[in-house]
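Data file: structure24.pdb. Format and content: PDB, C-alpha atoms.
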ATOM      1  CA  MET H 177      10.263  -9.683  14.213
ATOM      2  CA  SER H 178      13.523  -8.010  15.233
ATOM      3  CA  THR H 179      13.522  -5.065  17.618
ATOM      4  CA  PRO H 180      12.536  -1.901  15.719
ATOM      5  CA  ARG H 181      14.903   1.058  15.624
ATOM      6  CA  THR H 182      13.431   4.312  16.930
ATOM      7  CA  LEU H 183      14.643   7.785  16.011
ATOM      8  CA  PRO H 184      13.423  11.111  17.448
ATOM      9  CA  VAL H 185      12.089  13.601  14.895
ATOM     10  CA  GLY H 186      11.975  17.033  16.441
ATOM     11  CA  GLU H 187      10.481  17.357  19.917
ATOM     12  CA  HIS H 188       7.168  15.555  19.429
ATOM     13  CA  ALA H 189       7.625  12.881  16.777
ATOM     14  CA  LEU H 190       9.153   9.423  16.566
ATOM     15  CA  LEU H 191      10.267   7.495  13.486
ATOM     16  CA  VAL H 192      10.252   3.717  13.819
ATOM     17  CA  GLU H 193      12.400   1.769  11.339
ATOM     18  CA  LEU H 194      11.458  -1.866  10.593
ATOM     19  CA  GLU H 195      13.264  -4.708   8.860
ATOM     20  CA  ASP H 196      10.780  -5.050   5.987
ATOM     21  CA  GLY H 197       7.386  -3.978   4.719
ATOM     22  CA  GLU H 198       5.587  -6.838   6.474
ATOM     23  CA  ALA H 199       6.975  -5.710   9.820
ATOM     24  CA  ALA H 200       6.037  -2.088   9.102
ATOM     25  CA  GLY H 201       2.487  -3.157   8.281
ATOM     26  CA  ALA H 202       2.237  -5.269  11.419
ATOM     27  CA  LEU H 203       3.413  -2.393  13.613
ATOM     28  CA  HIS H 204       0.979   0.002  11.945
ATOM     29  CA  ALA H 205      -1.895  -2.414  12.580
ATOM     30  CA  GLU H 206      -0.838  -2.871  16.215
ATOM     31  CA  LEU H 207      -0.646   0.881  16.771
ATOM     32  CA  LEU H 208      -4.173   1.302  15.401
ATOM     33  CA  ARG H 209      -5.467  -1.523  17.611
ATOM     34  CA  ARG H 210      -3.900  -0.026  20.721
ATOM     35  CA  ARG H 211      -5.194   3.448  19.926
ATOM     36  CA  ALA H 212      -8.710   2.080  19.402
ATOM     37  CA  ALA H 213      -8.457   0.211  22.714
ATOM     38  CA  GLY H 214      -7.228   3.333  24.527
ATOM     39  CA  THR H 215      -3.910   1.749  25.514
ATOM     40  CA  LEU H 216      -1.688   3.877  23.259
ATOM     41  CA  PRO H 217      -0.285   7.165  24.580
ATOM     42  CA  PRO H 218      -1.728  10.201  22.737
ATOM     43  CA  VAL H 219      -0.489  10.313  19.127
ATOM     44  CA  ARG H 220      -1.871  12.830  16.638
ATOM     45  CA  GLU H 221      -0.839  11.019  13.451
ATOM     46  CA  ILE H 222       0.346   7.524  12.541
ATOM     47  CA  VAL H 223       1.928   7.508   9.077
ATOM     48  CA  PRO H 224       3.224   4.216   7.601
ATOM     49  CA  ALA H 225       5.757   4.051   4.772
ATOM     50  CA  ALA H 226       7.682   1.263   3.016
ATOM     51  CA  LEU H 227       9.968   0.419   5.955
ATOM     52  CA  THR H 228       8.987   2.953   8.614
ATOM     53  CA  VAL H 229       6.115   4.261  10.713
ATOM     54  CA  LEU H 230       6.090   7.913  11.791
ATOM     55  CA  LEU H 231       4.330   8.843  15.033
ATOM     56  CA  ASP H 232       3.644  12.572  15.198
ATOM     57  CA  GLY H 233       2.200  14.645  18.004
ATOM     58  CA  VAL H 234       3.697  12.488  20.780
ATOM     59  CA  THR H 235       3.998  14.053  24.228
ATOM     60  CA  ASP H 236       6.966  11.932  25.316
ATOM     61  CA  PRO H 237       8.658  10.249  22.314
ATOM     62  CA  GLN H 238      11.427   8.770  24.468
ATOM     63  CA  ALA H 239       8.981   6.989  26.773
ATOM     64  CA  LEU H 240       6.996   5.650  23.814
ATOM     65  CA  ALA H 241      10.202   4.418  22.149
ATOM     66  CA  ALA H 242      11.041   2.469  25.298
ATOM     67  CA  GLN H 243       7.549   0.916  25.284
ATOM     68  CA  LEU H 244       7.814  -0.151  21.648
ATOM     69  CA  THR H 245      10.887  -2.272  22.315
ATOM     70  CA  ARG H 246       8.873  -4.366  24.799
ATOM     71  CA  TRP H 247       5.789  -4.928  22.641
ATOM     72  CA  ARG H 248       4.914  -8.274  21.163
ATOM     73  CA  ILE H 249       3.625  -7.392  17.705
ATOM     74  CA  PRO H 250       1.509 -10.113  16.081
ATOM     75  CA  PRO H 251       1.813 -10.751  12.337
ATOM     76  CA  LEU H 252      -0.758  -9.333   9.955
ATOM     77  CA  GLU H 253      -3.957 -11.342   9.730
ATOM     78  CA  ALA H 254      -5.518 -11.983   6.338
ATOM     79  CA  GLY H 255      -9.287 -11.623   6.222
ATOM     80  CA  ALA H 256      -9.532  -9.598   9.438
ATOM     81  CA  GLN H 257     -11.211  -6.756   7.511
ATOM     82  CA  GLU H 258     -13.553  -6.834   4.522
ATOM     83  CA  ALA H 259     -11.710  -6.106   1.292
ATOM     84  CA  VAL H 260     -12.484  -3.174  -0.972
ATOM     85  CA  GLU H 261     -13.263  -4.574  -4.417
ATOM     86  CA  ILE H 262     -12.020  -2.651  -7.447
ATOM     87  CA  PRO H 263     -13.429  -3.666 -10.843
ATOM     88  CA  VAL H 264     -10.692  -3.815 -13.490
ATOM     89  CA  ARG H 265     -10.612  -4.157 -17.237
ATOM     90  CA  TYR H 266      -7.318  -5.933 -17.884
ATOM     91  CA  ASP H 267      -6.659  -4.032 -21.089
ATOM     92  CA  GLY H 268      -3.430  -2.200 -20.237
ATOM     93  CA  PRO H 269      -0.815  -1.577 -22.935
ATOM     94  CA  ASP H 270       1.899  -3.285 -20.851
ATOM     95  CA  LEU H 271      -0.043  -6.443 -19.961
ATOM     96  CA  ALA H 272       1.737  -8.512 -22.628
ATOM     97  CA  ASP H 273       5.148  -7.312 -21.407
ATOM     98  CA  VAL H 274       4.283  -8.165 -17.799
ATOM     99  CA  ALA H 275       3.054 -11.612 -18.808
ATOM    100  CA  ALA H 276       6.322 -12.175 -20.683
ATOM    101  CA  LEU H 277       8.339 -11.141 -17.612
ATOM    102  CA  TRP H 278       6.336 -13.615 -15.539
ATOM    103  CA  GLN H 279       6.727 -16.242 -18.287
ATOM    104  CA  VAL H 280       2.978 -16.877 -18.454
ATOM    105  CA  SER H 281       0.148 -16.126 -20.853
ATOM    106  CA  GLU H 282      -1.797 -12.865 -20.595
ATOM    107  CA  GLN H 283      -4.804 -14.809 -19.290
ATOM    108  CA  GLU H 284      -2.659 -16.368 -16.573
ATOM    109  CA  ALA H 285      -1.212 -12.973 -15.671
ATOM    110  CA  VAL H 286      -4.750 -11.675 -15.162
ATOM    111  CA  ARG H 287      -5.587 -14.684 -12.992
ATOM    112  CA  ILE H 288      -2.469 -14.212 -10.869
ATOM    113  CA  HIS H 289      -3.143 -10.539 -10.284
ATOM    114  CA  SER H 290      -6.884 -10.812  -9.672
ATOM    115  CA  SER H 291      -6.541 -13.770  -7.274
ATOM    116  CA  ALA H 292      -3.978 -12.034  -5.033
ATOM    117  CA  GLU H 293      -4.961 -10.630  -1.639
ATOM    118  CA  PHE H 294      -3.664  -7.079  -1.624
ATOM    119  CA  ARG H 295      -3.182  -4.671   1.261
ATOM    120  CA  VAL H 296      -2.417  -0.959   1.268
ATOM    121  CA  ALA H 297       1.105  -0.668   2.675
ATOM    122  CA  PHE H 298       1.231   3.129   2.519
ATOM    123  CA  CYS H 299       0.007   6.091   0.484
ATOM    124  CA  GLY H 300       1.810   8.851  -1.376
ATOM    125  CA  PHE H 301       2.879  10.233  -4.775
ATOM    126  CA  ALA H 302      -0.547  11.829  -5.369
ATOM    127  CA  PRO H 303      -3.757  12.235  -3.331
ATOM    128  CA  GLY H 304      -5.511   8.871  -3.312
ATOM    129  CA  PHE H 305      -2.556   6.863  -4.629
ATOM    130  CA  ALA H 306      -1.977   3.709  -2.565
ATOM    131  CA  TYR H 307       0.975   1.327  -2.715
ATOM    132  CA  LEU H 308      -0.459  -2.191  -2.494
ATOM    133  CA  THR H 309       1.461  -5.317  -1.584
ATOM    134  CA  GLY H 310       0.309  -8.883  -2.169
ATOM    135  CA  LEU H 311       2.005 -10.249  -5.259
ATOM    136  CA  GLY H 312       5.345 -10.829  -3.590
ATOM    137  CA  GLU H 313       8.873 -10.439  -4.922
ATOM    138  CA  ARG H 314       8.422 -13.299  -7.392
ATOM    139  CA  TYR H 315       6.169 -11.080  -9.501
ATOM    140  CA  ALA H 316       8.097  -7.825  -9.070
ATOM    141  CA  VAL H 317       8.541  -5.975 -12.368
ATOM    142  CA  PRO H 318      10.832  -3.079 -13.295
ATOM    143  CA  ARG H 319       9.581   0.364 -14.139
ATOM    144  CA  ARG H 320       9.496   1.287 -17.812
ATOM    145  CA  ASP H 321      12.790   2.467 -19.289
ATOM    146  CA  THR H 322      10.997   5.533 -20.629
ATOM    147  CA  PRO H 323       8.197   6.919 -18.405
ATOM    148  CA  ARG H 324       4.986   8.068 -20.056
ATOM    149  CA  THR H 325       4.324  11.797 -20.013
ATOM    150  CA  SER H 326       0.643  11.152 -19.263
ATOM    151  CA  VAL H 327      -0.900   8.073 -17.650
ATOM    152  CA  PRO H 328      -4.728   8.048 -17.761
ATOM    153  CA  ALA H 329      -6.661   8.287 -14.506
ATOM    154  CA  GLY H 330      -7.818   4.859 -13.321
ATOM    155  CA  SER H 331      -4.824   3.024 -14.754
ATOM    156  CA  VAL H 332      -3.920  -0.114 -12.781
ATOM    157  CA  ALA H 333      -0.163  -0.431 -12.726
ATOM    158  CA  LEU H 334       2.771  -2.443 -11.388
ATOM    159  CA  ALA H 335       6.283  -1.414 -10.322
ATOM    160  CA  GLY H 336       8.656  -3.431  -8.176
ATOM    161  CA  PRO H 337       6.539  -5.460  -5.707
ATOM    162  CA  TYR H 338       3.718  -2.884  -5.714
ATOM    163  CA  THR H 339       0.388  -2.461  -7.462
ATOM    164  CA  GLY H 340      -1.152   1.001  -7.704
ATOM    165  CA  VAL H 341      -4.072   2.791  -9.328
ATOM    166  CA  TYR H 342      -3.515   6.276 -10.725
ATOM    167  CA  PRO H 343      -6.200   8.523  -9.161
ATOM    168  CA  ARG H 344      -5.712  11.195 -11.824
ATOM    169  CA  SER H 345      -3.816  11.687 -15.058
ATOM    170  CA  SER H 346      -0.122  12.237 -14.419
ATOM    171  CA  PRO H 347       3.327  11.258 -15.709
ATOM    172  CA  GLY H 348       4.440   7.798 -14.640
ATOM    173  CA  GLY H 349       6.813   4.954 -15.344
ATOM    174  CA  TRP H 350       4.819   2.015 -13.973
ATOM    175  CA  GLN H 351       3.706  -0.933 -16.119
ATOM    176  CA  LEU H 352       0.031  -0.459 -17.064
ATOM    177  CA  ILE H 353      -1.981  -3.693 -16.999
ATOM    178  CA  GLY H 354      -5.569  -2.464 -16.728
ATOM    179  CA  SER H 355      -8.033   0.307 -15.992
ATOM    180  CA  THR H 356     -10.881   1.014 -13.589
ATOM    181  CA  ASP H 357     -13.693   3.543 -13.215
ATOM    182  CA  ALA H 358     -13.415   3.489  -9.402
ATOM    183  CA  ALA H 359     -12.911   6.945  -7.880
ATOM    184  CA  LEU H 360      -9.713   6.667  -5.876
ATOM    185  CA  TRP H 361      -9.906  10.276  -4.691
ATOM    186  CA  ASP H 362     -13.062  12.357  -4.203
ATOM    187  CA  PRO H 363     -12.728  15.552  -2.128
ATOM    188  CA  HIS H 364     -16.496  15.542  -1.587
ATOM    189  CA  ARG H 365     -16.365  12.091   0.036
ATOM    190  CA  ASP H 366     -15.454  11.327   3.641
ATOM    191  CA  PRO H 367     -12.824  10.011   3.641
ATOM    192  CA  ALA H 368     -11.708  11.465   0.323
ATOM    193  CA  ALA H 369      -9.355   8.540  -0.371
ATOM    194  CA  LEU H 370     -10.967   5.215  -1.255
ATOM    195  CA  LEU H 371      -7.942   3.335   0.064
ATOM    196  CA  GLY H 372      -6.097   4.023   3.314
ATOM    197  CA  PRO H 373      -3.112   2.301   4.948
ATOM    198  CA  GLY H 374      -3.968  -1.221   6.049
ATOM    199  CA  THR H 375      -7.011  -1.583   3.782
ATOM    200  CA  PRO H 376      -7.350  -5.008   2.112
ATOM    201  CA  VAL H 377      -8.062  -4.833  -1.627
ATOM    202  CA  ARG H 378      -9.220  -7.242  -4.329
ATOM    203  CA  PHE H 379      -9.167  -6.588  -8.064
ATOM    204  CA  VAL H 380     -12.199  -8.031  -9.863
ATOM    205  CA  PRO H 381     -11.879  -8.633 -13.630
ATOM    206  CA  ARG H 382     -14.467  -6.972 -15.856
ATOM    207  CA  ALA H 383     -14.975  -7.285 -19.602
ATOM    208  CA  ALA H 384     -13.091  -4.752 -21.693
ATOM    209  CA  ARG H 385     -15.126  -2.074 -23.442
TER
END
Would you write the structure of this file as structure tokens?
Amino acid sequence: MSTPRTLPVGEHALLVELEDGEAAGALHAELLRRRAAGTLPPVREIVPAALTVLLDGVTDPQALAAQLTRWRIPPLEAGAQEAVEIPVRYDGPDLADVAALWQVSEQEAVRIHSSAEFRVAFCGFAPGFAYLTGLGERYAVPRRDTPRTSVPAGSVALAGPYTGVYPRSSPGGWQLIGSTDAALWDPHRDPAALLGPGTPVRFVPRAAR
């Protein structure tokens, strides 16, 4: 991995820019490991994104930036954490279109998606919404030309290289391939979000209703 670029954000935050999502995920995992081991300087929040990791609440951002350039950051390890399984009915209205883009049958599209090992790269858009990587660029799909004004809660969707599950009904332009009854966001649960950054995820096919 190339040397990350570090940028100060205010007086007590540091933004680390990485070359790709894999590198951002690896740095996020390494930061969590070091914090758990007590070898990371005090950091209030660690917030991953597509190509960056934000460190907030840092006493000396400049000193931490200098440390980061000397770290050896190991690649992400598959299977290091038990995956969260999400049952899915592959009954989405865009499944046929996605299969056509992949040049496979609908059954093969379901197999491809449900056999992938996903990981939460980062969260955003809405409480409980996680951007999952795992399919790779080969299976990236465009957003819909015309977004839907209302996507049902629990919709399993694809856009670009990401898979996501809508935690509540909202407008959206992602390709809908399935649905789940899993509660992605529950304010009465601790933590409220079912999926957090770094969490491995598997989608398990279930019979349609």
Quick one: everything within 10 Å of Gly336 (chain H), counting only C-alpha atoms, minus sequence neighbours fewer than 2 positions away in the same chain. Send it as a count of residues only. 15
If you count all atoms listed in the file, which residues fall within 7 Å of His188 (chain H), apart from same-chain ones fewer than 5 positions away, as a PyMOL selection string? chain H and resi 232-237
Residue members of the PyMOL selection byres ((chain H and resi 356) around 8) in the file shown, as number ranges by chain: H: 262-265, 330-332, 354-355, 357-358
With C-alpha atoms retained, write the just-selected residues as a PDB file, keeping the file's coordinate frame.
ATOM      1  CA  ILE H 262     -12.020  -2.651  -7.447  1.00  0.00           C
ATOM      2  CA  PRO H 263     -13.429  -3.666 -10.843  1.00  0.00           C
ATOM      3  CA  VAL H 264     -10.692  -3.815 -13.490  1.00  0.00           C
ATOM      4  CA  ARG H 265     -10.612  -4.157 -17.237  1.00  0.00           C
ATOM      5  CA  GLY H 330      -7.818   4.859 -13.321  1.00  0.00           C
ATOM      6  CA  SER H 331      -4.824   3.024 -14.754  1.00  0.00           C
ATOM      7  CA  VAL H 332      -3.920  -0.114 -12.781  1.00  0.00           C
ATOM      8  CA  GLY H 354      -5.569  -2.464 -16.728  1.00  0.00           C
ATOM      9  CA  SER H 355      -8.033   0.307 -15.992  1.00  0.00           C
ATOM     10  CA  ASP H 357     -13.693   3.543 -13.215  1.00  0.00           C
ATOM     11  CA  ALA H 358     -13.415   3.489  -9.402  1.00  0.00           C
TER      12      ALA H 358
END
Expected selection from the PyMOL selection byres ((chain H and resi 352) around 10), given as JSON, numbers by chain: {"H": [266, 267, 268, 269, 270, 271, 272, 273, 274, 320, 327, 328, 331, 332, 333, 334, 335, 339, 340, 341, 342, 348, 349, 350, 351, 353, 354, 355]}
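Using all atoms listed in the file, the smallest distance between any of H:His364, H:Arg211, H:Arg324, H:Arg246 and Pro180 (chain H) comes from H:Arg246.
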Find the residue from H:Leu208, H:Ala226, H:Ala285, H:Ala368 that sits nearest to Glu195 (chain H); use all atoms listed in the file when measuring. H:Ala226
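We find CA of Pro217 (chain H) and CA of Ala242 (chain H) to be spaced 12.3 Å apart.
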Output the residue selection produced by the PyMOL selection byres ((chain H and resi 179) around 12) on the file above, formatted as a PyMOL selection string. chain H and resi 177-178+180-182+192-196+199-200+203+241-249
Just C-alpha atoms for this one: save the residues we selected as a PDB file, keeping the file's coordinate frame.
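Result file follows (out.pdb):
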ATOM      1  CA  MET H 177      10.263  -9.683  14.213  1.00  0.00           C
ATOM      2  CA  SER H 178      13.523  -8.010  15.233  1.00  0.00           C
ATOM      3  CA  PRO H 180      12.536  -1.901  15.719  1.00  0.00           C
ATOM      4  CA  ARG H 181      14.903   1.058  15.624  1.00  0.00           C
ATOM      5  CA  THR H 182      13.431   4.312  16.930  1.00  0.00           C
ATOM      6  CA  VAL H 192      10.252   3.717  13.819  1.00  0.00           C
ATOM      7  CA  GLU H 193      12.400   1.769  11.339  1.00  0.00           C
ATOM      8  CA  LEU H 194      11.458  -1.866  10.593  1.00  0.00           C
ATOM      9  CA  GLU H 195      13.264  -4.708   8.860  1.00  0.00           C
ATOM     10  CA  ASP H 196      10.780  -5.050   5.987  1.00  0.00           C
ATOM     11  CA  ALA H 199       6.975  -5.710   9.820  1.00  0.00           C
ATOM     12  CA  ALA H 200       6.037  -2.088   9.102  1.00  0.00           C
ATOM     13  CA  LEU H 203       3.413  -2.393  13.613  1.00  0.00           C
ATOM     14  CA  ALA H 241      10.202   4.418  22.149  1.00  0.00           C
ATOM     15  CA  ALA H 242      11.041   2.469  25.298  1.00  0.00           C
ATOM     16  CA  GLN H 243       7.549   0.916  25.284  1.00  0.00           C
ATOM     17  CA  LEU H 244       7.814  -0.151  21.648  1.00  0.00           C
ATOM     18  CA  THR H 245      10.887  -2.272  22.315  1.00  0.00           C
ATOM     19  CA  ARG H 246       8.873  -4.366  24.799  1.00  0.00           C
ATOM     20  CA  TRP H 247       5.789  -4.928  22.641  1.00  0.00           C
ATOM     21  CA  ARG H 248       4.914  -8.274  21.163  1.00  0.00           C
ATOM     22  CA  ILE H 249       3.625  -7.392  17.705  1.00  0.00           C
TER      23      ILE H 249
END
Phe379 (chain H): which residues within 9 Å, counting all atoms listed in the file, same-chain residues fewer than 6 positions away excluded, as a ChimeraX atom specification? /H:260-264,289-294
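When all atoms listed in the file are used to compute distances to Ala259 (chain H), the closest of the residues H:Val296, H:Leu183, H:Ile222, H:Ala213 turns out to be H:Val296.
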